[in-house]
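Chemist: Contents of coords_15.csv (CSV, C-alpha atoms):
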chain,number,residue,atom,x,y,z
A,1,MET,CA,2.0,-0.6,26.2
A,2,THR,CA,3.4,-3.3,28.5
A,3,ALA,CA,5.9,-6.0,27.5
A,4,THR,CA,3.0,-8.4,27.0
A,5,ASP,CA,1.3,-5.9,24.7
A,6,VAL,CA,4.5,-5.5,22.7
A,7,ARG,CA,4.7,-9.3,22.3
A,8,GLY,CA,1.0,-9.4,21.3
A,9,VAL,CA,1.6,-6.7,18.7
A,10,ALA,CA,4.7,-8.5,17.5
A,11,GLY,CA,2.6,-11.8,17.2
A,12,GLN,CA,-0.1,-10.1,15.2
A,13,ALA,CA,2.6,-8.3,13.1
A,14,GLY,CA,4.2,-11.8,12.6
A,15,TYR,CA,1.0,-13.1,11.1
A,16,ILE,CA,0.6,-10.1,8.8
A,17,ALA,CA,4.2,-10.0,7.9
A,18,GLY,CA,4.4,-13.7,7.3
A,19,GLY,CA,1.4,-13.7,5.0
A,20,ARG,CA,2.5,-10.5,3.3
A,21,LEU,CA,6.0,-11.8,3.0
A,22,ILE,CA,4.8,-14.8,1.1
A,23,GLY,CA,2.4,-12.7,-0.9
A,24,ALA,CA,5.2,-10.2,-1.6
A,25,LEU,CA,7.5,-13.0,-2.7
A,26,ILE,CA,4.9,-14.3,-5.1
A,27,GLN,CA,4.3,-10.7,-6.3
A,28,ALA,CA,8.0,-10.0,-6.8
A,29,VAL,CA,8.4,-13.2,-8.8
A,30,CYS,CA,5.4,-12.4,-10.9
A,31,LEU,CA,6.6,-8.9,-11.6
A,32,ALA,CA,10.1,-10.2,-12.4
A,33,LEU,CA,8.5,-12.7,-14.9
A,34,VAL,CA,6.5,-9.9,-16.5
A,35,ALA,CA,9.5,-7.6,-16.7
A,36,ARG,CA,11.6,-10.4,-18.2
A,37,SER,CA,8.9,-11.2,-20.7
A,38,LEU,CA,8.1,-7.7,-21.8
A,39,GLY,CA,11.5,-6.0,-21.7
A,40,PRO,CA,12.4,-2.7,-20.2
A,41,ALA,CA,10.3,-0.4,-22.5
A,42,ASP,CA,7.1,-2.4,-22.4
A,43,PHE,CA,7.5,-3.2,-18.7
A,44,GLY,CA,7.9,0.5,-18.0
A,45,LEU,CA,4.5,1.1,-19.7
A,46,PHE,CA,2.8,-1.6,-17.7
A,47,ALA,CA,4.4,-0.4,-14.5
A,48,MET,CA,3.0,3.1,-15.2
A,49,TRP,CA,-0.6,1.8,-15.5
A,50,TYR,CA,-0.2,-0.5,-12.6
A,51,GLY,CA,1.0,2.4,-10.5
A,52,LEU,CA,-1.9,4.6,-11.6
A,53,ALA,CA,-4.3,1.7,-10.6
A,54,VAL,CA,-2.8,1.7,-7.1
A,55,VAL,CA,-3.4,5.5,-6.9
A,56,LEU,CA,-6.9,5.0,-8.1
A,57,GLN,CA,-7.5,2.4,-5.4
A,58,ALA,CA,-6.4,4.9,-2.7
A,59,CYS,CA,-8.8,7.5,-4.2
A,60,LEU,CA,-11.7,5.1,-4.0
A,61,ASN,CA,-10.9,4.0,-0.4
A,62,MET,CA,-11.6,7.5,0.9
A,63,GLY,CA,-9.6,6.8,4.0
A,64,LEU,CA,-12.3,4.5,5.3
A,65,THR,CA,-10.1,1.4,5.9
A,66,PRO,CA,-7.8,3.0,8.5
A,67,LEU,CA,-10.7,4.8,10.0
A,68,LEU,CA,-12.6,1.5,10.4
A,69,VAL,CA,-9.5,0.0,12.1
A,70,ARG,CA,-9.4,2.9,14.6
A,71,ILE,CA,-13.2,2.8,15.3
A,72,ARG,CA,-13.2,-0.9,15.7
A,73,ALA,CA,-10.2,-0.8,18.0
A,74,VAL,CA,-11.9,1.8,20.3
A,75,GLY,CA,-15.0,-0.4,20.4
A,76,GLY,CA,-18.7,0.2,20.8
A,77,ARG,CA,-19.3,1.6,17.3
A,78,ASP,CA,-20.6,-1.3,15.2
A,79,ALA,CA,-23.2,0.9,13.7
A,80,ASP,CA,-20.5,3.3,12.3
A,81,VAL,CA,-18.6,0.3,11.0
A,82,LEU,CA,-21.7,-0.9,9.2
A,83,ARG,CA,-22.2,2.5,7.7
A,84,ILE,CA,-18.6,2.5,6.4
A,85,LEU,CA,-19.1,-0.9,4.8
A,86,THR,CA,-22.4,0.3,3.1
A,87,ILE,CA,-20.8,3.4,1.7
A,88,SER,CA,-17.8,1.3,0.4
A,89,ARG,CA,-20.1,-1.3,-1.3
A,90,HIS,CA,-22.2,1.3,-3.1
A,91,ALA,CA,-19.3,3.5,-4.2
A,92,LEU,CA,-17.3,0.6,-5.6
A,93,PHE,CA,-20.3,-0.9,-7.4
A,94,VAL,CA,-20.8,2.4,-9.2
A,95,PHE,CA,-17.2,2.7,-10.0
A,96,SER,CA,-16.6,-0.8,-11.2
A,97,SER,CA,-19.7,-0.9,-13.5
A,98,SER,CA,-19.0,2.5,-15.1
A,99,VAL,CA,-15.2,2.5,-15.4
A,100,THR,CA,-15.1,-1.2,-16.6
A,101,LEU,CA,-17.4,-0.2,-19.4
A,102,VAL,CA,-15.2,2.7,-20.4
A,103,ALA,CA,-12.1,0.4,-20.3
A,104,VAL,CA,-13.8,-2.2,-22.5
A,105,LEU,CA,-14.8,0.4,-25.0
A,106,ALA,CA,-11.3,1.9,-25.0
A,107,ALA,CA,-9.8,-1.5,-25.6
A,108,SER,CA,-12.3,-2.4,-28.3
A,109,LEU,CA,-12.5,0.8,-30.3
A,110,LEU,CA,-9.3,2.8,-29.5
A,111,GLY,CA,-6.7,0.0,-29.3
A,112,ALA,CA,-6.0,0.4,-25.5
A,113,GLU,CA,-4.5,-2.5,-23.7
A,114,TRP,CA,-7.0,-5.1,-22.5
A,115,TYR,CA,-5.1,-5.5,-19.2
A,116,LEU,CA,-6.5,-2.1,-18.3
A,117,VAL,CA,-10.0,-3.8,-18.0
A,118,ALA,CA,-8.6,-6.4,-15.6
A,119,LEU,CA,-6.8,-3.7,-13.5
A,120,VAL,CA,-10.1,-1.8,-13.1
A,121,VAL,CA,-11.9,-4.9,-11.8
A,122,TRP,CA,-8.9,-5.6,-9.5
A,123,VAL,CA,-9.0,-2.1,-8.0
A,124,ALA,CA,-12.7,-2.3,-7.1
A,125,ALA,CA,-12.7,-5.9,-5.8
A,126,ASP,CA,-9.4,-5.7,-3.9
A,127,ASN,CA,-10.4,-2.4,-2.3
A,128,LEU,CA,-13.6,-3.9,-0.9
A,129,VAL,CA,-11.7,-7.0,0.3
A,130,GLU,CA,-9.2,-4.8,2.2
A,131,ILE,CA,-12.0,-2.7,3.8
A,132,TYR,CA,-13.7,-5.9,5.2
A,133,LEU,CA,-10.4,-7.3,6.3
A,134,ALA,CA,-9.9,-4.3,8.6
A,135,ILE,CA,-12.4,-5.9,11.0
A,136,PRO,CA,-10.4,-9.0,11.8
A,137,LEU,CA,-7.2,-6.9,11.8
A,138,ALA,CA,-8.6,-4.5,14.5
A,139,ASP,CA,-10.0,-7.5,16.4
A,140,GLY,CA,-6.6,-9.2,16.6
A,141,ARG,CA,-7.2,-12.0,14.1
A,142,ALA,CA,-4.4,-11.0,11.7
A,143,TRP,CA,-4.1,-14.5,10.4
A,144,GLU,CA,-7.3,-14.0,8.4
A,145,ASN,CA,-5.6,-11.1,6.5
A,146,ALA,CA,-2.5,-13.2,5.9
A,147,MET,CA,-4.4,-16.2,4.5
A,148,SER,CA,-6.5,-14.0,2.2
A,149,LEU,CA,-3.5,-12.2,0.8
A,150,VAL,CA,-1.5,-15.4,0.2
A,151,PHE,CA,-4.6,-16.9,-1.6
A,152,ARG,CA,-5.1,-13.8,-3.8
A,153,ARG,CA,-1.4,-13.6,-4.8
A,154,SER,CA,-1.3,-17.4,-5.5
A,155,ILE,CA,-4.2,-17.1,-7.9
A,156,SER,CA,-2.5,-14.3,-9.7
A,157,GLY,CA,0.8,-16.2,-9.9
A,158,ALA,CA,-0.9,-19.4,-11.2
A,159,ILE,CA,-2.8,-17.5,-13.9
A,160,LEU,CA,0.4,-15.7,-15.0
A,161,LEU,CA,2.1,-19.0,-15.4
A,162,VAL,CA,-0.7,-20.2,-17.6
A,163,GLY,CA,-0.2,-17.1,-19.8
A,164,LEU,CA,3.6,-17.6,-20.0
A,165,TRP,CA,3.1,-21.3,-20.8
A,166,SER,CA,0.7,-20.5,-23.6
A,167,ASN,CA,3.0,-17.7,-24.9
A,168,SER,CA,0.2,-15.1,-24.3
A,169,SER,CA,0.5,-11.5,-22.9
A,170,SER,CA,2.1,-11.7,-19.5
A,171,ALA,CA,0.8,-8.3,-18.5
A,172,LEU,CA,-2.8,-9.3,-19.4
A,173,PHE,CA,-2.7,-12.7,-17.6
A,174,TYR,CA,-1.1,-11.1,-14.5
A,175,SER,CA,-3.7,-8.4,-14.3
A,176,ALA,CA,-6.5,-10.9,-14.9
A,177,GLY,CA,-5.0,-13.0,-12.1
A,178,LEU,CA,-5.1,-10.1,-9.7
A,179,ALA,CA,-8.7,-9.4,-10.6
A,180,ILE,CA,-9.8,-13.1,-10.3
A,181,GLY,CA,-8.0,-13.6,-7.0
A,182,SER,CA,-9.6,-10.6,-5.3
A,183,THR,CA,-13.1,-11.5,-6.7
A,184,LEU,CA,-12.9,-15.1,-5.4
A,185,VAL,CA,-12.3,-14.1,-1.8
A,186,LEU,CA,-14.8,-11.1,-1.8
A,187,TYR,CA,-18.0,-13.0,-0.8
A,188,PRO,CA,-16.5,-15.1,2.0
A,189,VAL,CA,-14.7,-12.0,3.4
A,190,MET,CA,-17.9,-9.9,3.3
A,191,ARG,CA,-20.0,-12.7,4.9
A,192,SER,CA,-17.4,-13.2,7.7
A,193,GLY,CA,-17.2,-9.5,8.4
A,194,ASN,CA,-20.9,-8.9,8.6
A,195,SER,CA,-21.4,-11.8,11.0
A,196,ARG,CA,-19.3,-10.1,13.6
A,197,LEU,CA,-21.3,-6.9,13.6
A,198,ARG,CA,-24.5,-6.0,15.4
A,199,GLU,CA,-27.2,-4.1,13.5
A,200,SER,CA,-28.0,-0.8,15.1
A,201,GLN,CA,-28.6,2.9,14.2
A,202,SER,CA,-25.4,4.9,13.6
A,203,ALA,CA,-25.2,8.1,15.6
A,204,LEU,CA,-23.0,9.7,12.9
A,205,THR,CA,-24.2,11.4,9.8
A,206,TYR,CA,-22.5,10.7,6.5
A,207,ARG,CA,-20.9,14.2,6.7
A,208,GLN,CA,-19.5,13.5,10.2
A,209,LEU,CA,-18.2,10.1,9.1
A,210,PHE,CA,-16.3,11.6,6.1
A,211,SER,CA,-15.0,14.4,8.4
A,212,GLU,CA,-13.4,11.7,10.5
A,213,ALA,CA,-12.1,9.9,7.5
A,214,ARG,CA,-10.8,12.8,5.5
A,215,TYR,CA,-7.3,13.0,6.9
A,216,PHE,CA,-6.8,9.3,6.7
A,217,TRP,CA,-7.9,9.6,3.1
A,218,TYR,CA,-5.5,12.5,2.4
A,219,ASN,CA,-2.6,10.5,3.8
A,220,SER,CA,-3.5,7.5,1.8
A,221,LEU,CA,-3.9,9.5,-1.4
A,222,ALA,CA,-0.6,11.3,-0.9
A,223,THR,CA,1.2,8.1,-0.1
A,224,GLN,CA,-0.1,6.2,-3.1
A,225,ALA,CA,0.4,9.2,-5.4
A,226,ARG,CA,4.1,8.3,-5.2
A,227,ASN,CA,3.2,5.5,-7.7
A,228,VAL,CA,2.9,8.2,-10.3
A,229,ASP,CA,6.7,8.4,-10.3
A,230,VAL,CA,7.1,6.0,-13.2
A,231,PHE,CA,4.6,8.1,-15.2
A,232,VAL,CA,6.7,11.2,-14.4
A,233,VAL,CA,9.9,9.4,-15.5
A,234,SER,CA,8.2,8.3,-18.7
A,235,LEU,CA,7.3,11.9,-19.5
A,236,LEU,CA,10.6,13.5,-18.8
A,237,ALA,CA,13.2,10.8,-19.8
A,238,THR,CA,15.0,12.1,-22.9
A,239,GLY,CA,17.2,10.7,-25.7
A,240,SER,CA,17.3,7.4,-27.4
A,241,SER,CA,17.5,5.5,-24.1
A,242,ALA,CA,14.3,7.1,-22.7
A,243,GLY,CA,12.4,3.7,-22.8
A,244,ALA,CA,15.3,1.9,-21.0
A,245,THR,CA,15.5,4.7,-18.4
A,246,THR,CA,11.8,4.3,-17.6
A,247,GLY,CA,12.2,0.5,-17.5
A,248,TYR,CA,15.2,0.7,-15.2
A,249,TYR,CA,13.5,3.0,-12.8
A,250,ALA,CA,10.2,1.0,-13.0
A,251,ALA,CA,12.2,-2.1,-12.0
A,252,ALA,CA,13.8,-0.3,-9.1
A,253,SER,CA,10.5,1.3,-7.9
A,254,ARG,CA,8.1,-1.6,-8.4
A,255,LEU,CA,10.3,-4.6,-7.7
A,256,THR,CA,11.5,-3.2,-4.4
A,257,SER,CA,8.0,-2.3,-3.2
A,258,PRO,CA,7.4,-5.8,-1.7
A,259,LEU,CA,10.4,-5.1,0.6
A,260,ARG,CA,8.2,-2.8,2.6
A,261,ILE,CA,6.0,-5.7,3.7
A,262,VAL,CA,7.5,-6.1,7.1
A,263,PRO,CA,7.4,-2.5,8.2
A,264,THR,CA,4.0,-1.8,6.8
A,265,SER,CA,2.6,-5.0,8.3
A,266,PHE,CA,3.9,-3.9,11.7
A,267,ALA,CA,2.4,-0.4,11.2
A,268,SER,CA,-1.0,-1.9,10.4
A,269,VAL,CA,-1.2,-3.6,13.8
A,270,LEU,CA,0.7,-0.9,15.7
A,271,MET,CA,-2.1,1.6,15.2
A,272,PRO,CA,-4.9,-0.3,17.1
A,273,ALA,CA,-2.5,-1.3,19.8
A,274,ALA,CA,-1.2,2.3,20.1
A,275,VAL,CA,-4.8,3.5,20.4
A,276,ARG,CA,-5.3,1.2,23.5
A,277,SER,CA,-1.9,2.3,24.9
A,278,ALA,CA,-2.7,5.9,24.5
A,279,LYS,CA,-5.9,5.4,26.5
A,280,ALA,CA,-3.8,3.9,29.3
A,281,GLY,CA,-1.2,6.8,29.1
A,282,SER,CA,1.7,4.5,28.2
A,283,TYR,CA,4.2,5.4,25.4
A,284,ARG,CA,7.5,3.6,26.2
A,285,GLY,CA,6.4,0.3,24.6
A,286,ILE,CA,5.3,2.1,21.5
A,287,VAL,CA,8.7,3.7,21.1
A,288,ARG,CA,10.5,0.5,21.8
A,289,ALA,CA,8.5,-1.5,19.3
A,290,THR,CA,8.8,1.1,16.6
A,291,LEU,CA,12.6,1.3,17.0
A,292,LEU,CA,12.9,-2.5,16.9
A,293,ILE,CA,11.0,-3.0,13.6
A,294,CYS,CA,12.9,-0.1,12.0
A,295,VAL,CA,16.2,-1.7,12.8
A,296,VAL,CA,15.1,-5.2,11.5
A,297,SER,CA,13.6,-3.9,8.3
A,298,SER,CA,16.6,-1.6,7.6
A,299,LEU,CA,19.0,-4.5,7.8
A,300,GLY,CA,16.9,-6.3,5.2
A,301,PHE,CA,16.9,-3.3,2.8
A,302,LEU,CA,20.7,-2.9,3.1
A,303,ILE,CA,21.3,-6.6,2.4
A,304,VAL,CA,19.2,-6.4,-0.8
A,305,ALA,CA,21.2,-3.3,-1.8
A,306,VAL,CA,24.5,-5.2,-1.5
A,307,LEU,CA,23.2,-8.2,-3.4
A,308,ALA,CA,21.5,-6.2,-6.2
A,309,PRO,CA,24.4,-6.0,-8.7
A,310,ILE,CA,24.9,-9.8,-8.5
A,311,ALA,CA,21.3,-11.0,-8.4
A,312,LEU,CA,19.6,-8.6,-10.9
A,313,PRO,CA,21.1,-9.8,-14.2
A,314,PHE,CA,20.4,-13.4,-13.1
A,315,ILE,CA,16.8,-12.7,-12.1
A,316,LEU,CA,15.7,-10.2,-14.9
A,317,GLY,CA,18.3,-10.8,-17.6
A,318,SER,CA,21.4,-8.9,-18.7
A,319,GLU,CA,19.4,-6.1,-20.2
A,320,TYR,CA,18.4,-4.9,-16.7
A,321,ALA,CA,22.0,-5.0,-15.4
A,322,ASP,CA,22.3,-1.2,-15.5
A,323,ALA,CA,19.3,-0.9,-13.1
A,324,ALA,CA,21.3,-2.2,-10.2
A,325,SER,CA,22.7,1.1,-9.0
A,326,THR,CA,19.1,2.6,-9.1
A,327,ILE,CA,17.9,-0.3,-7.0
A,328,GLN,CA,20.7,0.3,-4.4
A,329,ILE,CA,19.7,3.9,-4.1
A,330,VAL,CA,16.0,3.1,-3.7
A,331,CYS,CA,16.8,0.5,-1.0
A,332,VAL,CA,18.6,3.2,1.0
A,333,GLY,CA,15.4,5.3,0.7
A,334,LEU,CA,13.3,2.4,1.9
A,335,VAL,CA,15.1,2.5,5.3
A,336,PHE,CA,13.6,6.0,5.9
A,337,ALA,CA,10.3,4.9,4.4
A,338,SER,CA,10.2,2.2,7.1
A,339,VAL,CA,10.6,4.8,9.8
A,340,SER,CA,7.9,6.9,8.3
A,341,SER,CA,5.4,4.0,8.2
A,342,GLN,CA,5.7,3.4,11.9
A,343,LEU,CA,5.5,7.1,12.9
A,344,ASN,CA,2.4,7.5,10.7
A,345,ALA,CA,0.7,4.7,12.7
A,346,VAL,CA,1.7,6.2,16.0
A,347,LEU,CA,0.6,9.7,15.2
A,348,GLN,CA,-2.8,8.5,13.8
A,349,ALA,CA,-3.4,6.4,16.9
A,350,LEU,CA,-2.7,9.5,19.0
A,351,GLY,CA,-5.4,11.4,17.1
A,352,HIS,CA,-3.0,13.4,14.8
A,353,ALA,CA,-4.2,12.1,11.4
A,354,ARG,CA,-4.2,15.7,10.1
A,355,LEU,CA,-0.5,16.1,10.9
A,356,VAL,CA,0.2,12.8,9.1
A,357,SER,CA,-1.8,13.8,6.1
A,358,ASN,CA,-0.1,17.2,5.8
A,359,VAL,CA,3.4,15.6,6.0
A,360,SER,CA,2.4,13.0,3.4
A,361,VAL,CA,1.1,15.6,1.0
A,362,VAL,CA,4.3,17.7,1.3
A,363,SER,CA,6.7,14.7,1.0
A,364,THR,CA,4.9,13.3,-2.0
A,365,ALA,CA,5.0,16.7,-3.7
A,366,MET,CA,8.7,16.8,-2.9
A,367,CYS,CA,9.1,13.3,-4.3
A,368,LEU,CA,7.5,13.9,-7.7
A,369,LEU,CA,9.3,17.3,-8.0
A,370,LEU,CA,12.7,15.8,-7.2
A,371,VAL,CA,12.1,12.9,-9.5
A,372,ALA,CA,11.0,15.3,-12.3
A,373,ALA,CA,14.0,17.6,-11.7
A,374,LEU,CA,16.7,14.8,-11.5
A,375,VAL,CA,15.5,12.5,-14.4
A,376,PRO,CA,16.8,14.8,-17.2
A,377,ILE,CA,20.1,15.2,-15.3
A,378,GLY,CA,20.8,11.7,-14.1
A,379,GLY,CA,18.3,9.4,-15.8
A,380,ALA,CA,17.0,6.4,-13.7
A,381,VAL,CA,19.7,7.0,-11.1
A,382,GLY,CA,18.7,10.6,-10.7
A,383,ALA,CA,15.1,9.6,-10.3
A,384,GLY,CA,16.1,7.1,-7.6
A,385,TRP,CA,17.9,9.8,-5.7
A,386,GLY,CA,14.8,12.0,-5.9
A,387,LEU,CA,12.7,9.2,-4.3
A,388,THR,CA,15.3,8.5,-1.6
A,389,ILE,CA,15.7,12.2,-0.6
A,390,SER,CA,11.9,12.6,-0.2
A,391,TYR,CA,11.7,9.5,2.1
A,392,PHE,CA,14.6,10.9,4.2
A,393,LEU,CA,12.9,14.3,4.6
A,394,GLN,CA,9.6,12.7,5.4
A,395,SER,CA,11.1,10.6,8.2
A,396,ILE,CA,12.9,13.6,9.7
A,397,ILE,CA,9.7,15.7,9.8
A,398,LEU,CA,7.6,12.9,11.3
A,399,ALA,CA,10.3,12.1,14.0
A,400,PHE,CA,10.2,15.7,15.2
A,401,GLY,CA,6.4,15.7,15.1
A,402,THR,CA,6.1,12.5,17.1
A,403,VAL,CA,8.5,13.6,19.8
A,404,HIS,CA,6.6,16.9,20.1
A,405,VAL,CA,3.2,15.2,20.3
A,406,ILE,CA,4.3,12.7,23.0
A,407,ARG,CA,6.0,15.3,25.1
A,408,ARG,CA,2.9,17.6,24.9
A,409,THR,CA,0.6,14.7,25.7
A,410,LYS,CA,2.5,13.7,28.8
A,411,LYS,CA,2.2,17.2,30.3
Rewrite the structure from the file as structure tokens, please.

Modeler:
Amino acid sequence: MTATDVRGVAGQAGYIAGGRLIGALIQAVCLALVARSLGPADFGLFAMWYGLAVVLQACLNMGLTPLLVRIRAVGGRDADVLRILTISRHALFVFSSSVTLVAVLAASLLGAEWYLVALVVWVAADNLVEIYLAIPLADGRAWENAMSLVFRRSISGAILLVGLWSNSSSALFYSAGLAIGSTLVLYPVMRSGNSRLRESQSALTYRQLFSEARYFWYNSLATQARNVDVFVVSLLATGSSAGATTGYYAAASRLTSPLRIVPTSFASVLMPAAVRSAKAGSYRGIVRATLLICVVSSLGFLIVAVLAPIALPFILGSEYADAASTIQIVCVGLVFASVSSQLNAVLQALGHARLVSNVSVVSTAMCLLLVAALVPIGGAVGAGWGLTISYFLQSIILAFGTVHVIRRTKK
């Protein structure tokens, strides 16, 4: 990867990061409004279901999005890309029609929350949108991804404001906004993606395609399974303050997640660029670009950690003041999460998706076990330390793995 390539990756990452930063800002404001409206206990419940919806989204993706990026970046495999898109459309249609019906029946007959229906629709629509947006991402047109995300988040924010203005359920209106935003962009994104592909016969069988995708899928599943953390906290928090403990940890876990926008944005464009660099036998630029983004994002996380005790009561209200220390601990963990995101992208680009998936599975298991072990001892703060320690261990393992792979490849 030459200096020009690094600047190109930085430019693409800038588009992605800029769009996602605006989207993340809207998302953070929306979640803050929902948290303020619901209070710690009810927000903890909503955050639990929201987290489970994100995990479900990873399950349904089957690793096809990152595989599509890699295949498209290599080039010459339009038929395989079309096959991935066909599989995704069919799978998500079956899921959305069946699970939406179940959610409606549960809300109508069993008293479940109606926002679960909206979350199911959002999971299916947003999943398909992201799969199609992998095409312009791999082609170097990251601005399309940025515009799509900002539009979707703006719709969700506008609908949430309508709900708050009408004194309706903030959780329901925010979930409905997510679903509507993704549904509105689905058709134009699909049409644009299909227009860039040439019809041809795929040389791969479905079995071979899933064999290529499986380690990307395992990694995605393991990564998103961390969103079960709020559910674990809700199960194991004890005493009269159990609801507040879940709410404090949910605020720390969910409201800081938008902070990962810059490093994850860079990682998403680093992989196709690293694929091309690996073909040319150049690694120095990859290492330099990875270190740069890790330093920049780490400074952002540490600034938020310093400001948390002052800003939190003002943003969420005085009842969330005790969550400040948990947010500070989680921000330290996000420094190591940033490192892991970049190393995952590099290793996947170098053809070591299996190593990445194995490390992700182990680190997620450590995360949930540490959170479960430390909640009864330290409450929300203990859970925050469990999350942070798992991120630290993951980054160390990946760093050793990356150095080993690059050295072996150079020989």

Chemist: Could you check the closest approach to Glu144 of chain A for each of A:Val361, A:Ala252, A:Val129, A:Ile293 and tell me which residue wins, using all atoms listed in the file?

Modeler: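 Nearest candidate to Glu144 of chain A out of A:Val361, A:Ala252, A:Val129, A:Ile293: A:Val129.
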
Chemist: Could you list, as an mmCIF file with C-alpha atoms, keeping the file's coordinate frame, every residue within 8 Å of Ala305 of chain A, counting all atoms listed in the file and ignoring same-chain residues fewer than 6 positions away?

Modeler:
data_model
loop_
_atom_site.group_PDB
_atom_site.id
_atom_site.type_symbol
_atom_site.label_atom_id
_atom_site.label_comp_id
_atom_site.auth_asym_id
_atom_site.auth_seq_id
_atom_site.Cartn_x
_atom_site.Cartn_y
_atom_site.Cartn_z
ATOM 1 C CA ILE A 327 17.900 -0.300 -7.000
ATOM 2 C CA GLN A 328 20.700 0.300 -4.400
ATOM 3 C CA ILE A 329 19.700 3.900 -4.100
ATOM 4 C CA CYS A 331 16.800 0.500 -1.000
ATOM 5 C CA VAL A 332 18.600 3.200 1.000
#

Chemist: Could you check the closest approach to Ala171 of chain A for each of A:Ser211, A:Ser37, A:Ser97, A:Thr256 and tell me which residue wins, using all atoms listed in the file?

Modeler: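 Checking each candidate against Ala171 of chain A, we get A:Ser37 as the closest.
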
Chemist: Tell me, in Å to one decimal, how far atom CA of Leu343 of chain A is from atom CA of Thr402 of chain A.

Modeler: 6.9 Å

Chemist: Could you give me, as a VMD selection string, the residues within 10 Å of segment 213-224 of chain A, counting all atoms listed in the file and dropping anything in the same chain fewer than 4 positions from it?

Modeler: chain A and resid 51 to 68 84 207 to 209 228 344 348 352 to 365

Chemist: Quick one: residues within 8 Å of segment 114-119 of chain A, all atoms listed in the file, excluding same-chain residues fewer than 2 positions away - as a PDB file with C-alpha atoms, keeping the file's coordinate frame?

Modeler:
ATOM      1  CA  TRP A  49      -0.600   1.800 -15.500  1.00  0.00           C
ATOM      2  CA  TYR A  50      -0.200  -0.500 -12.600  1.00  0.00           C
ATOM      3  CA  ALA A  53      -4.300   1.700 -10.600  1.00  0.00           C
ATOM      4  CA  THR A 100     -15.100  -1.200 -16.600  1.00  0.00           C
ATOM      5  CA  ALA A 103     -12.100   0.400 -20.300  1.00  0.00           C
ATOM      6  CA  VAL A 104     -13.800  -2.200 -22.500  1.00  0.00           C
ATOM      7  CA  ALA A 107      -9.800  -1.500 -25.600  1.00  0.00           C
ATOM      8  CA  ALA A 112      -6.000   0.400 -25.500  1.00  0.00           C
ATOM      9  CA  VAL A 121     -11.900  -4.900 -11.800  1.00  0.00           C
ATOM     10  CA  TRP A 122      -8.900  -5.600  -9.500  1.00  0.00           C
ATOM     11  CA  VAL A 123      -9.000  -2.100  -8.000  1.00  0.00           C
ATOM     12  CA  ALA A 171       0.800  -8.300 -18.500  1.00  0.00           C
ATOM     13  CA  LEU A 172      -2.800  -9.300 -19.400  1.00  0.00           C
ATOM     14  CA  PHE A 173      -2.700 -12.700 -17.600  1.00  0.00           C
ATOM     15  CA  SER A 175      -3.700  -8.400 -14.300  1.00  0.00           C
ATOM     16  CA  ALA A 176      -6.500 -10.900 -14.900  1.00  0.00           C
ATOM     17  CA  LEU A 178      -5.100 -10.100  -9.700  1.00  0.00           C
ATOM     18  CA  ALA A 179      -8.700  -9.400 -10.600  1.00  0.00           C
TER      19      ALA A 179
END

Chemist: Contacts of Leu299 of chain A at 12 Å or less, counting only C-alpha atoms, minus same-chain residues fewer than 2 places along, as a VMD selection string?

Modeler: chain A and resid 259 262 to 263 292 to 297 301 to 306 331 to 332 334 to 336 338

Chemist: Write the selection just made, keeping C-alpha atoms, as a PDB file, in the frame of the given file?

Modeler:
ATOM      1  CA  LEU A 259      10.400  -5.100   0.600  1.00  0.00           C
ATOM      2  CA  VAL A 262       7.500  -6.100   7.100  1.00  0.00           C
ATOM      3  CA  PRO A 263       7.400  -2.500   8.200  1.00  0.00           C
ATOM      4  CA  LEU A 292      12.900  -2.500  16.900  1.00  0.00           C
ATOM      5  CA  ILE A 293      11.000  -3.000  13.600  1.00  0.00           C
ATOM      6  CA  CYS A 294      12.900  -0.100  12.000  1.00  0.00           C
ATOM      7  CA  VAL A 295      16.200  -1.700  12.800  1.00  0.00           C
ATOM      8  CA  VAL A 296      15.100  -5.200  11.500  1.00  0.00           C
ATOM      9  CA  SER A 297      13.600  -3.900   8.300  1.00  0.00           C
ATOM     10  CA  PHE A 301      16.900  -3.300   2.800  1.00  0.00           C
ATOM     11  CA  LEU A 302      20.700  -2.900   3.100  1.00  0.00           C
ATOM     12  CA  ILE A 303      21.300  -6.600   2.400  1.00  0.00           C
ATOM     13  CA  VAL A 304      19.200  -6.400  -0.800  1.00  0.00           C
ATOM     14  CA  ALA A 305      21.200  -3.300  -1.800  1.00  0.00           C
ATOM     15  CA  VAL A 306      24.500  -5.200  -1.500  1.00  0.00           C
ATOM     16  CA  CYS A 331      16.800   0.500  -1.000  1.00  0.00           C
ATOM     17  CA  VAL A 332      18.600   3.200   1.000  1.00  0.00           C
ATOM     18  CA  LEU A 334      13.300   2.400   1.900  1.00  0.00           C
ATOM     19  CA  VAL A 335      15.100   2.500   5.300  1.00  0.00           C
ATOM     20  CA  PHE A 336      13.600   6.000   5.900  1.00  0.00           C
ATOM     21  CA  SER A 338      10.200   2.200   7.100  1.00  0.00           C
TER      22      SER A 338
END

Chemist: Select, from A:Leu236, A:Leu255, A:Ala79, A:Ile135, the residue with the minimum atom-to-atom distance to Val34 of chain A, counting only C-alpha atoms.

Modeler: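 Answer, going by the shortest atom-to-atom distance: A:Leu255.
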
Chemist: Mind pulling up the distance from atom CA of Thr246 of chain A to atom CA of Gly44 of chain A?

Modeler: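 Separation of atom CA of Gly44 of chain A and atom CA of Thr246 of chain A: 5.5 Å.
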
Chemist: Tell me, in Å to one decimal, how far atom CA of Gly157 of chain A is from atom CA of Ile26 of chain A.

Modeler: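 Atom-to-atom, atom CA of Gly157 of chain A and atom CA of Ile26 of chain A are spaced 6.6 Å apart.
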